[in-house]
Structure formats: structure tokens, C-alpha cells
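S.K.: So here's my_file_23.cif, just mmCIF, C-alpha atoms:
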```cif
data_start
#
loop_
_atom_site.label_atom_id
_atom_site.label_comp_id
_atom_site.auth_asym_id
_atom_site.auth_seq_id
_atom_site.Cartn_x
_atom_site.Cartn_y
_atom_site.Cartn_z
CA MET A 1 -34.18 -13.10 -6.97
CA ASN A 2 -34.35 -9.75 -5.23
CA LYS A 3 -30.88 -8.80 -3.99
CA LEU A 4 -31.88 -5.39 -2.65
CA ILE A 5 -32.25 -5.51 1.14
CA SER A 6 -32.38 -2.98 3.96
CA MET A 7 -29.38 -1.92 6.02
CA VAL A 8 -30.92 -3.70 9.07
CA GLU A 9 -31.36 -6.94 7.11
CA ALA A 10 -27.80 -6.69 5.83
CA ILE A 11 -26.26 -6.28 9.28
CA SER A 12 -28.42 -9.10 10.70
CA LEU A 13 -26.41 -11.42 8.41
CA VAL A 14 -23.25 -10.65 10.43
CA LYS A 15 -22.83 -12.82 13.52
CA ASP A 16 -20.63 -12.39 16.57
CA GLY A 17 -17.27 -14.04 15.85
CA ASP A 18 -17.57 -13.77 12.06
CA THR A 19 -14.68 -12.92 9.76
CA ILE A 20 -15.52 -9.89 7.65
CA MET A 21 -13.75 -8.41 4.66
CA VAL A 22 -14.28 -4.72 4.10
CA GLY A 23 -13.34 -2.95 0.87
CA GLY A 24 -11.53 0.37 0.75
CA PHE A 25 -8.11 1.96 1.08
CA MET A 26 -7.74 4.48 3.91
CA ALA A 27 -11.58 4.58 3.81
CA ASN A 28 -11.66 5.47 0.07
CA GLY A 29 -14.14 2.93 -1.31
CA THR A 30 -15.35 1.74 2.10
CA PRO A 31 -19.13 1.26 2.62
CA GLU A 32 -19.55 3.93 5.30
CA HIS A 33 -23.28 3.32 5.88
CA LEU A 34 -22.77 -0.41 6.35
CA VAL A 35 -19.88 0.31 8.73
CA ASP A 36 -22.06 2.76 10.71
CA ALA A 37 -24.83 0.18 10.94
CA LEU A 38 -22.35 -2.47 12.10
CA VAL A 39 -21.04 -0.05 14.75
CA ALA A 40 -24.62 0.54 15.93
CA SER A 41 -25.26 -3.23 16.03
CA GLY A 42 -22.41 -3.76 18.51
CA LYS A 43 -21.47 -7.13 16.94
CA LYS A 44 -18.40 -8.45 18.76
CA ASN A 45 -15.33 -10.66 18.42
CA LEU A 46 -15.14 -10.07 14.69
CA THR A 47 -12.05 -10.72 12.58
CA LEU A 48 -11.32 -7.98 10.05
CA ILE A 49 -9.63 -8.48 6.71
CA CYS A 50 -9.02 -5.06 5.17
CA ASN A 51 -6.14 -3.19 3.55
CA ASP A 52 -5.78 -0.97 6.62
CA ALA A 53 -7.42 -0.03 9.92
CA GLY A 54 -9.04 3.09 8.48
CA LEU A 55 -9.05 6.35 10.40
CA ALA A 56 -10.45 6.82 13.90
CA ASP A 57 -13.56 8.55 12.52
CA LYS A 58 -13.70 7.07 9.02
CA GLY A 59 -14.06 3.66 7.42
CA VAL A 60 -13.35 0.51 9.43
CA GLY A 61 -11.56 2.68 11.99
CA LYS A 62 -14.94 3.34 13.61
CA LEU A 63 -15.31 -0.40 14.28
CA VAL A 64 -11.78 -0.47 15.72
CA VAL A 65 -12.57 2.40 18.08
CA ASN A 66 -15.75 0.57 19.13
CA LYS A 67 -13.58 -2.49 19.97
CA GLN A 68 -15.51 -4.91 17.76
CA PHE A 69 -12.49 -6.84 16.50
CA LYS A 70 -10.57 -9.63 18.19
CA LYS A 71 -8.22 -9.85 15.22
CA ILE A 72 -7.21 -7.53 12.38
CA ILE A 73 -5.46 -8.73 9.21
CA ALA A 74 -4.21 -5.70 7.28
CA SER A 75 -1.19 -4.26 5.46
CA HIS A 76 -1.09 -0.99 7.39
CA ILE A 77 -2.62 0.35 10.60
CA GLY A 78 -0.56 3.54 10.92
CA LEU A 79 -3.34 6.05 10.31
CA ASN A 80 -5.42 4.75 13.21
CA LYS A 81 -3.65 5.25 16.54
CA GLU A 82 -6.33 3.27 18.40
CA ALA A 83 -5.49 0.16 16.34
CA GLY A 84 -1.84 0.56 17.30
CA ARG A 85 -2.78 0.97 20.96
CA GLN A 86 -4.98 -2.14 20.94
CA MET A 87 -2.14 -4.10 19.33
CA SER A 88 0.50 -2.84 21.83
CA ASP A 89 -1.77 -3.51 24.82
CA GLY A 90 -2.59 -7.00 23.57
CA GLU A 91 -6.32 -6.27 23.26
CA THR A 92 -6.50 -7.05 19.56
CA GLU A 93 -4.38 -9.49 17.57
CA VAL A 94 -2.93 -7.72 14.54
CA VAL A 95 -1.45 -9.62 11.60
CA LEU A 96 0.43 -7.36 9.18
CA VAL A 97 0.63 -8.64 5.62
CA PRO A 98 2.31 -7.04 2.59
CA GLN A 99 -0.42 -5.35 0.57
CA GLY A 100 0.24 -7.24 -2.65
CA THR A 101 0.26 -10.53 -0.76
CA LEU A 102 -2.96 -9.69 1.08
CA VAL A 103 -4.87 -8.99 -2.12
CA GLU A 104 -3.56 -12.19 -3.74
CA GLN A 105 -4.51 -14.29 -0.70
CA ILE A 106 -8.03 -12.90 -0.95
CA ARG A 107 -8.11 -13.46 -4.71
CA ALA A 108 -6.88 -17.04 -4.28
CA ALA A 109 -9.79 -17.83 -1.95
CA GLY A 110 -12.38 -16.52 -4.39
CA TYR A 111 -10.83 -17.96 -7.52
CA GLY A 112 -10.34 -21.54 -6.39
CA LEU A 113 -6.58 -21.47 -5.88
CA GLY A 114 -4.74 -23.27 -3.09
CA GLY A 115 -2.50 -20.27 -2.51
CA VAL A 116 -0.06 -18.03 -4.30
CA LEU A 117 3.74 -17.98 -4.61
CA THR A 118 5.42 -14.62 -4.13
CA ARG A 119 8.95 -13.36 -3.56
CA THR A 120 7.61 -10.53 -1.42
CA GLY A 121 8.62 -10.99 2.22
CA LEU A 122 11.53 -13.36 1.59
CA GLY A 123 14.27 -12.77 4.14
CA THR A 124 11.93 -10.79 6.41
CA LEU A 125 9.69 -11.54 9.41
CA VAL A 126 6.90 -12.22 6.89
CA GLU A 127 8.46 -15.57 5.93
CA VAL A 128 8.42 -16.92 9.50
CA GLY A 129 6.43 -20.16 9.66
CA LYS A 130 5.73 -20.26 5.93
CA GLU A 131 6.72 -22.85 3.38
CA LYS A 132 9.36 -21.83 0.82
CA ILE A 133 9.02 -23.34 -2.62
CA ASN A 134 11.71 -23.26 -5.30
CA ILE A 135 10.46 -22.94 -8.87
CA ASP A 136 13.12 -23.22 -11.59
CA GLY A 137 15.82 -21.98 -9.25
CA VAL A 138 13.87 -19.11 -7.68
CA ASP A 139 12.60 -19.15 -4.10
CA TYR A 140 9.01 -18.12 -3.34
CA LEU A 141 6.86 -17.98 -0.22
CA LEU A 142 3.65 -19.95 -0.22
CA GLU A 143 0.83 -17.67 0.92
CA LYS A 144 -2.45 -19.42 1.60
CA PRO A 145 -5.97 -18.25 0.68
CA LEU A 146 -7.93 -15.84 2.91
CA SER A 147 -11.70 -16.08 2.89
CA ALA A 148 -14.44 -14.53 5.00
CA ASP A 149 -18.00 -15.09 6.16
CA ILE A 150 -19.14 -11.69 4.94
CA ALA A 151 -17.71 -9.13 2.50
CA LEU A 152 -18.88 -5.54 2.86
CA LEU A 153 -18.15 -3.57 -0.30
CA TYR A 154 -18.83 -0.16 -1.78
CA ALA A 155 -19.45 0.93 -5.35
CA ALA A 156 -20.80 4.12 -6.90
CA LYS A 157 -23.11 2.24 -9.28
CA VAL A 158 -24.74 -1.16 -8.84
CA ASP A 159 -27.61 -2.62 -10.84
CA LYS A 160 -30.24 -4.88 -9.32
CA ALA A 161 -28.40 -7.95 -10.65
CA GLY A 162 -25.41 -6.87 -8.53
CA ASN A 163 -23.22 -5.73 -11.41
CA ILE A 164 -20.74 -3.14 -10.21
CA VAL A 165 -19.15 0.02 -11.62
CA TYR A 166 -16.61 1.73 -9.36
CA GLN A 167 -15.75 5.42 -9.37
CA GLY A 168 -12.27 6.97 -9.09
CA SER A 169 -9.85 4.97 -6.97
CA GLU A 170 -12.67 3.37 -4.94
CA ASN A 171 -12.21 -0.05 -6.54
CA ASN A 172 -9.00 -1.08 -4.75
CA PHE A 173 -9.82 -4.25 -2.71
CA ASN A 174 -13.56 -4.25 -3.47
CA HIS A 175 -13.36 -6.16 -6.75
CA VAL A 176 -11.20 -8.94 -5.38
CA MET A 177 -13.17 -9.33 -2.13
CA ALA A 178 -16.45 -9.73 -4.01
CA ALA A 179 -15.59 -13.34 -4.87
CA SER A 180 -14.02 -14.41 -1.60
CA ALA A 181 -16.73 -14.37 1.08
CA LYS A 182 -19.65 -16.72 1.73
CA VAL A 183 -21.97 -13.72 1.58
CA THR A 184 -21.10 -10.54 -0.34
CA ILE A 185 -23.02 -7.35 0.38
CA VAL A 186 -22.40 -4.21 -1.65
CA GLU A 187 -23.47 -0.73 -0.63
CA ALA A 188 -24.45 1.14 -3.77
CA GLY A 189 -23.97 4.87 -4.15
CA ARG A 190 -26.86 4.52 -6.54
CA VAL A 191 -28.93 1.48 -7.46
CA TYR A 192 -29.86 1.00 -11.13
CA GLU A 193 -32.43 -1.22 -12.80
CA SER A 194 -30.91 -4.32 -14.41
CA GLY A 195 -29.85 -3.50 -17.94
CA MET A 196 -29.09 0.14 -17.17
CA LEU A 197 -25.35 -0.45 -16.79
CA CYS A 198 -23.50 -1.27 -20.02
CA PRO A 199 -22.38 -4.93 -19.78
CA ASN A 200 -18.97 -3.95 -21.17
CA ALA A 201 -18.50 -1.30 -18.48
CA VAL A 202 -19.26 -3.65 -15.57
CA MET A 203 -16.13 -4.03 -13.41
CA THR A 204 -17.30 -6.79 -11.05
CA PRO A 205 -19.82 -9.40 -12.24
CA GLY A 206 -23.08 -9.39 -10.30
CA ILE A 207 -22.92 -13.15 -9.79
CA PHE A 208 -20.43 -12.52 -6.97
CA VAL A 209 -22.88 -10.22 -5.18
CA ASN A 210 -25.53 -11.75 -2.88
CA TYR A 211 -27.11 -8.57 -1.55
CA ILE A 212 -27.27 -4.85 -2.33
CA VAL A 213 -28.07 -2.04 0.08
CA ASP A 214 -28.95 1.45 -1.10
CA GLY A 215 -26.33 3.86 0.20
CA GLY A 216 -28.44 6.82 -0.80
CA GLY A 217 -26.31 8.57 -3.38
CA LEU A 218 -23.20 9.10 -1.28
CA ASP A 219 -21.30 10.40 -4.31
CA GLY A 220 -24.10 12.69 -5.48
CA MET B 1 20.06 23.72 5.85
CA ASP B 2 16.72 23.38 7.58
CA LYS B 3 14.70 20.20 7.14
CA ALA B 4 12.66 21.55 4.23
CA GLN B 5 15.77 22.66 2.29
CA LEU B 6 17.44 19.37 2.99
CA GLN B 7 14.46 17.37 1.74
CA GLU B 8 14.19 19.60 -1.33
CA ARG B 9 17.85 18.95 -2.14
CA ILE B 10 17.32 15.19 -1.91
CA ALA B 11 14.11 15.30 -3.96
CA LYS B 12 15.77 17.40 -6.68
CA ARG B 13 18.66 14.97 -6.99
CA VAL B 14 16.36 11.93 -7.14
CA ALA B 15 14.33 13.63 -9.87
CA MET B 16 17.45 13.68 -12.07
CA GLU B 17 17.50 9.86 -11.99
CA LEU B 18 14.12 9.55 -13.71
CA LYS B 19 14.01 8.95 -17.44
CA ASP B 20 11.46 9.84 -20.08
CA GLY B 21 8.70 7.24 -20.42
CA GLN B 22 9.25 5.53 -17.08
CA LEU B 23 6.51 4.26 -14.77
CA VAL B 24 7.43 5.44 -11.26
CA ASN B 25 6.04 4.91 -7.77
CA LEU B 26 6.87 7.56 -5.17
CA GLY B 27 6.53 6.64 -1.50
CA ILE B 28 4.79 8.77 1.09
CA GLY B 29 6.65 11.75 2.60
CA LEU B 30 9.97 12.91 1.14
CA PRO B 31 9.72 10.71 -1.99
CA THR B 32 6.42 12.38 -2.93
CA LYS B 33 8.30 15.70 -3.22
CA VAL B 34 10.33 14.29 -6.14
CA SER B 35 7.37 14.95 -8.44
CA ASN B 36 7.89 18.72 -7.98
CA PHE B 37 11.35 18.59 -9.57
CA ILE B 38 11.00 16.29 -12.59
CA PRO B 39 12.53 18.15 -15.59
CA GLU B 40 10.06 19.50 -18.19
CA ASP B 41 11.39 17.28 -20.97
CA VAL B 42 11.10 14.09 -18.90
CA LYS B 43 7.60 12.65 -18.97
CA VAL B 44 7.11 9.96 -16.38
CA MET B 45 3.85 8.30 -15.38
CA LEU B 46 3.25 7.94 -11.67
CA HIS B 47 1.77 4.76 -10.23
CA SER B 48 -0.43 4.95 -7.14
CA GLU B 49 -0.55 1.55 -5.43
CA ASN B 50 -4.16 1.95 -4.31
CA GLY B 51 -5.08 1.39 -7.94
CA PHE B 52 -4.18 3.72 -10.77
CA VAL B 53 -1.51 5.11 -13.06
CA GLY B 54 -1.43 8.75 -14.09
CA LEU B 55 -1.44 10.09 -10.54
CA GLY B 56 -1.67 13.89 -10.38
CA GLY B 57 -1.49 16.35 -7.51
CA THR B 58 -4.26 17.64 -5.28
CA PRO B 59 -6.38 19.94 -7.44
CA LYS B 60 -7.15 23.47 -6.21
CA GLU B 61 -10.70 23.31 -7.55
CA ASN B 62 -13.12 20.71 -8.93
CA ILE B 63 -12.02 18.26 -6.27
CA ASP B 64 -13.22 14.69 -6.87
CA PRO B 65 -13.37 12.97 -3.46
CA THR B 66 -13.44 9.51 -5.08
CA ILE B 67 -9.78 9.88 -6.12
CA VAL B 68 -7.11 9.55 -3.43
CA ASN B 69 -3.39 8.79 -3.48
CA ALA B 70 -1.67 6.00 -1.54
CA GLY B 71 -1.51 8.26 1.50
CA GLY B 72 -5.28 8.61 1.45
CA GLN B 73 -5.08 12.28 0.39
CA VAL B 74 -7.37 13.67 -2.29
CA ALA B 75 -5.52 13.53 -5.62
CA SER B 76 -6.26 13.56 -9.34
CA ILE B 77 -5.73 11.48 -12.46
CA LEU B 78 -3.97 12.87 -15.53
CA PRO B 79 -4.88 12.29 -19.20
CA GLY B 80 -3.71 8.81 -20.24
CA GLY B 81 -4.13 7.42 -16.75
CA CYS B 82 -6.54 4.69 -15.70
CA PHE B 83 -7.92 3.01 -12.59
CA PHE B 84 -7.79 -0.67 -11.63
CA ASP B 85 -8.17 -2.98 -8.65
CA SER B 86 -5.45 -3.76 -6.08
CA ALA B 87 -4.59 -7.15 -7.63
CA THR B 88 -3.76 -5.43 -10.93
CA SER B 89 -1.90 -2.70 -9.08
CA PHE B 90 0.40 -5.19 -7.34
CA GLY B 91 0.67 -7.29 -10.49
CA ILE B 92 2.20 -4.17 -12.06
CA ILE B 93 4.59 -3.88 -9.12
CA ARG B 94 5.64 -7.54 -8.70
CA GLY B 95 5.45 -8.40 -12.38
CA GLY B 96 8.36 -6.19 -13.40
CA HIS B 97 6.25 -3.47 -15.03
CA LEU B 98 7.31 -0.71 -12.65
CA ASP B 99 10.57 0.98 -13.67
CA VAL B 100 11.43 2.85 -10.48
CA THR B 101 10.28 3.08 -6.89
CA VAL B 102 11.48 5.83 -4.57
CA LEU B 103 11.16 5.03 -0.87
CA GLY B 104 12.37 6.31 2.46
CA ALA B 105 14.31 4.09 4.87
CA LEU B 106 15.25 3.69 8.51
CA GLN B 107 18.42 1.77 7.60
CA VAL B 108 20.19 0.53 4.47
CA ASP B 109 23.21 -1.74 4.64
CA GLN B 110 26.23 -2.64 2.52
CA VAL B 111 24.51 -5.39 0.57
CA GLY B 112 21.42 -3.35 -0.18
CA ASN B 113 19.24 -4.75 2.58
CA ILE B 114 16.66 -2.22 3.71
CA ALA B 115 14.65 -1.71 6.88
CA ASN B 116 11.84 0.78 6.45
CA TYR B 117 8.66 -0.47 8.06
CA MET B 118 9.01 -0.92 11.79
CA ILE B 119 10.91 -0.25 15.00
CA PRO B 120 9.86 -3.10 17.31
CA LYS B 121 7.74 -1.95 20.25
CA LYS B 122 8.00 1.71 19.12
CA MET B 123 6.62 2.12 15.64
CA VAL B 124 4.70 -0.72 14.03
CA PRO B 125 2.45 0.81 11.36
CA GLY B 126 2.74 -2.09 8.89
CA MET B 127 4.55 -2.44 5.60
CA GLY B 128 1.68 -1.42 3.32
CA GLY B 129 2.97 -1.86 -0.23
CA ALA B 130 6.65 -1.28 0.60
CA MET B 131 7.78 -4.93 0.56
CA ASP B 132 6.15 -5.54 -2.82
CA LEU B 133 7.66 -2.34 -4.24
CA LEU B 134 11.14 -3.29 -3.01
CA THR B 135 10.83 -6.82 -4.40
CA GLY B 136 9.20 -5.97 -7.70
CA ALA B 137 10.44 -2.60 -8.99
CA LYS B 138 13.22 -2.73 -11.58
CA LYS B 139 15.13 0.03 -9.77
CA VAL B 140 14.90 0.92 -6.08
CA ILE B 141 16.02 4.40 -5.05
CA VAL B 142 16.19 5.23 -1.36
CA ALA B 143 15.65 8.93 -0.63
CA MET B 144 16.46 9.79 2.96
CA GLU B 145 18.40 12.01 5.31
CA HIS B 146 21.93 10.68 5.75
CA THR B 147 21.64 10.25 9.54
CA ALA B 148 18.87 10.22 12.14
CA LYS B 149 19.72 12.62 14.98
CA GLY B 150 23.40 12.02 14.30
CA VAL B 151 23.09 8.22 14.18
CA ALA B 152 24.19 6.53 10.94
CA LYS B 153 21.41 5.08 8.77
CA ILE B 154 23.75 3.62 6.17
CA VAL B 155 25.18 0.73 8.16
CA LYS B 156 27.31 -2.41 7.80
CA GLN B 157 24.32 -4.60 8.65
CA CYS B 158 20.72 -3.56 9.38
CA ASN B 159 19.62 -4.41 12.93
CA LEU B 160 15.98 -3.40 12.43
CA PRO B 161 13.55 -5.88 10.85
CA LEU B 162 14.18 -6.00 7.10
CA SER B 163 11.66 -4.97 4.47
CA ALA B 164 13.63 -6.75 1.73
CA GLN B 165 17.04 -8.30 1.09
CA ASN B 166 19.52 -7.03 -1.52
CA ALA B 167 16.89 -4.68 -2.88
CA VAL B 168 18.39 -1.19 -2.97
CA ASP B 169 20.12 0.12 -6.11
CA LEU B 170 20.80 3.76 -5.23
CA ILE B 171 20.84 5.89 -2.07
CA VAL B 172 20.36 9.65 -2.32
CA THR B 173 20.87 11.81 0.76
CA GLU B 174 21.59 15.48 1.39
CA MET B 175 25.28 14.57 1.58
CA GLY B 176 25.65 12.65 -1.65
CA VAL B 177 24.79 9.71 -3.87
CA ILE B 178 25.74 6.09 -3.19
CA GLU B 179 25.37 3.18 -5.60
CA VAL B 180 24.83 -0.32 -4.27
CA GLN B 181 27.01 -2.67 -6.29
CA LYS B 182 27.90 -6.34 -5.84
CA GLY B 183 31.29 -5.32 -4.41
CA GLY B 184 29.85 -2.84 -1.91
CA LEU B 185 28.68 0.74 -1.61
CA ILE B 186 30.21 3.17 -4.09
CA LEU B 187 30.15 6.86 -3.19
CA THR B 188 29.68 8.49 -6.59
CA GLU B 189 28.83 12.08 -5.68
CA VAL B 190 29.38 14.39 -2.74
CA ALA B 191 26.87 17.19 -2.43
CA GLU B 192 27.79 20.89 -2.26
CA GLY B 193 28.91 21.94 1.20
CA PHE B 194 30.33 18.54 2.15
CA CYS B 195 33.63 16.75 1.55
CA VAL B 196 34.34 13.03 1.20
CA ASP B 197 35.40 12.77 4.84
CA ASP B 198 32.10 14.29 5.99
CA VAL B 199 30.20 11.53 4.16
CA VAL B 200 32.53 8.76 5.34
CA ASN B 201 32.24 9.95 8.96
CA ALA B 202 28.45 10.05 8.79
CA THR B 203 28.31 6.52 7.32
CA GLU B 204 28.85 3.35 9.34
CA ALA B 205 29.10 1.13 6.26
CA ASP B 206 32.35 0.92 4.30
CA LEU B 207 32.30 3.24 1.29
CA ILE B 208 34.30 2.70 -1.88
CA LEU B 209 35.15 6.02 -3.54
CA ALA B 210 34.26 6.36 -7.20
CA ASP B 211 37.11 7.30 -9.55
CA GLY B 212 36.53 11.06 -9.55
CA LEU B 213 36.39 11.27 -5.77
CA ARG B 214 39.68 9.64 -4.86
#
```
As C-alpha cells - that is how I would like this structure written.

M.R.:
Amino acid sequence: MNKLISMVEAISLVKDGDTIMVGGFMANGTPEHLVDALVASGKKNLTLICNDAGLADKGVGKLVVNKQFKKIIASHIGLNKEAGRQMSDGETEVVLVPQGTLVEQIRAAGYGLGGVLTRTGLGTLVEVGKEKINIDGVDYLLEKPLSADIALLYAAKVDKAGNIVYQGSENNFNHVMAASAKVTIVEAGRVYESGMLCPNAVMTPGIFVNYIVDGGGLDG
Amino acid sequence: MDKAQLQERIAKRVAMELKDGQLVNLGIGLPTKVSNFIPEDVKVMLHSENGFVGLGGTPKENIDPTIVNAGGQVASILPGGCFFDSATSFGIIRGGHLDVTVLGALQVDQVGNIANYMIPKKMVPGMGGAMDLLTGAKKVIVAMEHTAKGVAKIVKQCNLPLSAQNAVDLIVTEMGVIEVQKGGLILTEVAEGFCVDDVVNATEADLILADGLR
């Protein structure tokens, strides 16, 4: 099966109203070309699952500025003033989730778990409306899985089987999101022939990746 | 003291709390400055919650744009460090593998509750990794200015939304050092230029004076 598709084909897989997960942390490890193409497409009423709201001119922040989200689920939106404005003015629903909980909710969805139990958020606004479960005398919050229609990821190196090698701190949420969407698309800094990446060095198995787009050597 | 001197004083004092071999996470802002004052003979490894240990400063040359710290600034990785995904990063935090976290705060109260992530309707940036760090780190050190525009930040009971309950172990400010114990807040040190009464007057919470300060 050929996983390598064009940017236009990739974005045509996103539909108005879809939930999308986007990898990256403050835009480090975000697929900038896929984001740009999604901005150009003007797809609307999307729900975003991402660590943060990016920056106004970088990462998912560009989609925020273009008002393409009806809802944002993130751990932090502080570096993008427009996200804060949209939240205050009631234009966009923002759900703030502790970062470690967010990544585990995403992981649970992709790994066949009904949720995770964490002590993070106990005694805070985060626990409102959630079930508390006591295990051997210790209270935990039940945090349910978070899945998406589409995951948009970035990696420096991807082979044609979809196997991924990240560079620097660009992994962050990308690895976990790969398993948790119906369709996972990775933007490759560079695309390699299958077999060119050492199987022991692969950081995310290609079986999680449905499609690859060539990002054109973003990292040189 | 101007703001920079005041922050430097706090950062220097926090640095003295770190022990050789510890894995430490420094929050954004004032806590980050602690790394400038760690004694030569104390080797700590810094954890960056976006996914690595061995965090180094921003290099002057040979910048690698693929490496950023938890504030999104270009950073570096030191020998012995390694990268991983966010699930591993927060497994390290929640799983009891992180020795110390140093964080700022809006308010801390007498039982070690901390509010440091939002002021409703005014400042709502999100908690990022703070709630996990407060819940998971073996030792929580709050590094902050003693008051905010003259208003006490060390209070009887936090009235801002909490980031975690009973989480804080030590508070370091420009005025002194306060330990959070089961029985209450113990003032253990008063910084140069201040007396016990200065600290007590700038603190809303009840302070118990350590032996040497009575």
C-alpha cells in the first residue's frame, strides 16, 4: 500500500466538524505545512486536541487565528492571546486539561484502555464532574479516553512504511497521538525508502500511520 | 532591591536546596534562574516536561532548532541526557522519579495548598504541567516574591482556584524561608535586611518561629 500522498489529498481527508489531534509543544514538532494547508482549506467547526494553542504565527495558532475551531482541548493557551480572547468572548469553547492527564487520555484511546486513574487534579476544578475511585486507600480521578478523527503529526524522518524517527524534542505528543485517531497523517521532514531506517531506531511503529506527506526537508 | 536583584536572591537560595544527583524540574520564569546558581560540586540533571532530561541552556552558536525547553525557547541537551515522548515525561513526574520541582505561585496557604495557574476572568492560560509536577514530585519548592504589590501571597487559605492540595514543602522568598509542616508554617530563616516582624507582617498566614528565630 502506498502511504505517500499529496498535501491536497491529505487535507481533503479532514471534514468540517472533525476532531483533530495535532502533535507539537509550543509548535516544536508541529507539522507546519499540514497546518498551512489546513488554514488555506478553510475547514470549519473543528475540535482541536493539542498540548497548547501554539503561537499566533506558528503551529496550531494559525488555525486559531483563522477561527477554524469551535472547541480547543489543551493544557495551556497562554502563548496565543487570540485563543484567550476567543475563550473570554465565548467564541470558542476551551477545555484546559493537565498536560500529563491529556497525554494519558490520548494514550488510553489508542491503546484500548477505558481510561486512566490519576491523582493529578484532585481537590481542584479539574475534578468537577469526574468520578473518584479509591484504590487501596488512595483516591484517584477517572479520566476517560480522548480520540480523534484525524491526527496530524510531524517527524524528521519517516520511511514509506510509516516508521518514524523524531529529532530533538519534537516527539512530545506525536508518538502518543499516532495510535489514537481514525486516520493518522505524518508530515515527514524527509521521506526514506522502507528499510532505510534501522528497525531498532524506529520510535513510532509505521502500523499506526495511514498516510505520509513530504514536508520537503524542513530540518535540512 | 530591584526586581532582578530580588529574583536573583530567591534563585540563589533555592539553588542551595538542591543535592548532588537529583533530577529537578524548574518552572518557567524565576525558577529557571535557579540553574545559574547551582554550586559547582552539585550535579543535578534537569527535566524538561516537553520530553527530555539533561536540559541545557540556550547555546550561543550551533543552535539546533529542534530542541526547545518547556517555555518553547531554543535550548540544548547535555551529555547523558535523552529525549522521550510526553507520556514518558509525565510518567517520570507522576511516578515519583522526579526529586524536586521548583515553581512560582500566586498564593500558598498554611496547609501547603497552592494556587498558581489562574485568576478567574483575568488570567486563564492553563495549568500546563504544573498540576502533575505538584502532585508527583517528591519535593515541591515554591520560589516567589513574598507579596504581590503589597498584598500577602502566603495566606491562611487560598481563595484562587487551587493547582494542588497539601503539595508544597518549602517556600523561598526574598524575605526568608518557610517550611510547610503538618503543624503549620515554620519560618526557618529570615533573609539579610529583614527582621522576623517584617516577615510576619508581610504574611497573612500564621507563622511558627523556628528555634533559632525566637

S.K.: Considering only C-alpha atoms, tabulate each residue of range 109-201 of chain A that lies at most 10 Å from range 38-53 of chain A along with its nearest interatomic pair and the corresponding distance in Å to one decimal; arrange the rows by chain and ascending residue number and present them as JSON lines.

M.R.:
```
{"residue": "A:Leu146", "atom": "CA", "partner": "A:Ile49", "partner_atom": "CA", "distance": 8.5}
{"residue": "A:Ser147", "atom": "CA", "partner": "A:Ile49", "partner_atom": "CA", "distance": 8.8}
{"residue": "A:Ala148", "atom": "CA", "partner": "A:Ile49", "partner_atom": "CA", "distance": 7.9}
{"residue": "A:Asp149", "atom": "CA", "partner": "A:Thr47", "partner_atom": "CA", "distance": 9.8}
{"residue": "A:Ala151", "atom": "CA", "partner": "A:Ile49", "partner_atom": "CA", "distance": 9.1}
{"residue": "A:Asn172", "atom": "CA", "partner": "A:Asn51", "partner_atom": "CA", "distance": 9.0}
{"residue": "A:Phe173", "atom": "CA", "partner": "A:Asn51", "partner_atom": "CA", "distance": 7.3}
{"residue": "A:Asn174", "atom": "CA", "partner": "A:Cys50", "partner_atom": "CA", "distance": 9.8}
{"residue": "A:Met177", "atom": "CA", "partner": "A:Cys50", "partner_atom": "CA", "distance": 9.4}
```

S.K.: Could you save the residues just selected, with C-alpha atoms, as a CSV table (one decimal), in the coordinates of the input?

M.R.:
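Below is the file result-v9.csv, written as the result:
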```
chain,number,residue,atom,x,y,z
A,146,LEU,CA,-7.9,-15.8,2.9
A,147,SER,CA,-11.7,-16.1,2.9
A,148,ALA,CA,-14.4,-14.5,5.0
A,149,ASP,CA,-18.0,-15.1,6.2
A,151,ALA,CA,-17.7,-9.1,2.5
A,172,ASN,CA,-9.0,-1.1,-4.8
A,173,PHE,CA,-9.8,-4.2,-2.7
A,174,ASN,CA,-13.6,-4.2,-3.5
A,177,MET,CA,-13.2,-9.3,-2.1
```

S.K.: Residue by residue, what does the PyMOL selection byres ((chain A) within 6 of (chain B)) grab here? Present the result as a count of residues only.

M.R.: 17

S.K.: Tell me which residues the PyMOL selection byres ((chain A and resi 164) around 8) grabs here, as a PyMOL selection string.

M.R.: chain A and resi 155-159+162-163+165-166+202-206

S.K.: If we count all atoms listed in the file, what is near Val14 in chain B at a cut-off of 7 Å, once residues fewer than 4 positions away on the same chain are taken out, given as a ChimeraX atom specification?

M.R.: /B:10,34,172

S.K.: Extract, using all atoms listed in the file, all DNA, RNA and protein residues at most 8 Å from Gly184 in chain B, discarding same-chain residues fewer than 4 positions from it, and format them as a list in words.

M.R.: Gln110, Val111, Val180, Asp206, Leu207 and Ile208 of chain B

S.K.: How far is it from CA of Ile207 in chain A to CA of Ala179 in chain A, in Å with one decimal?

M.R.: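 We find that CA of Ile207 in chain A and CA of Ala179 in chain A lie 8.8 Å from each other.
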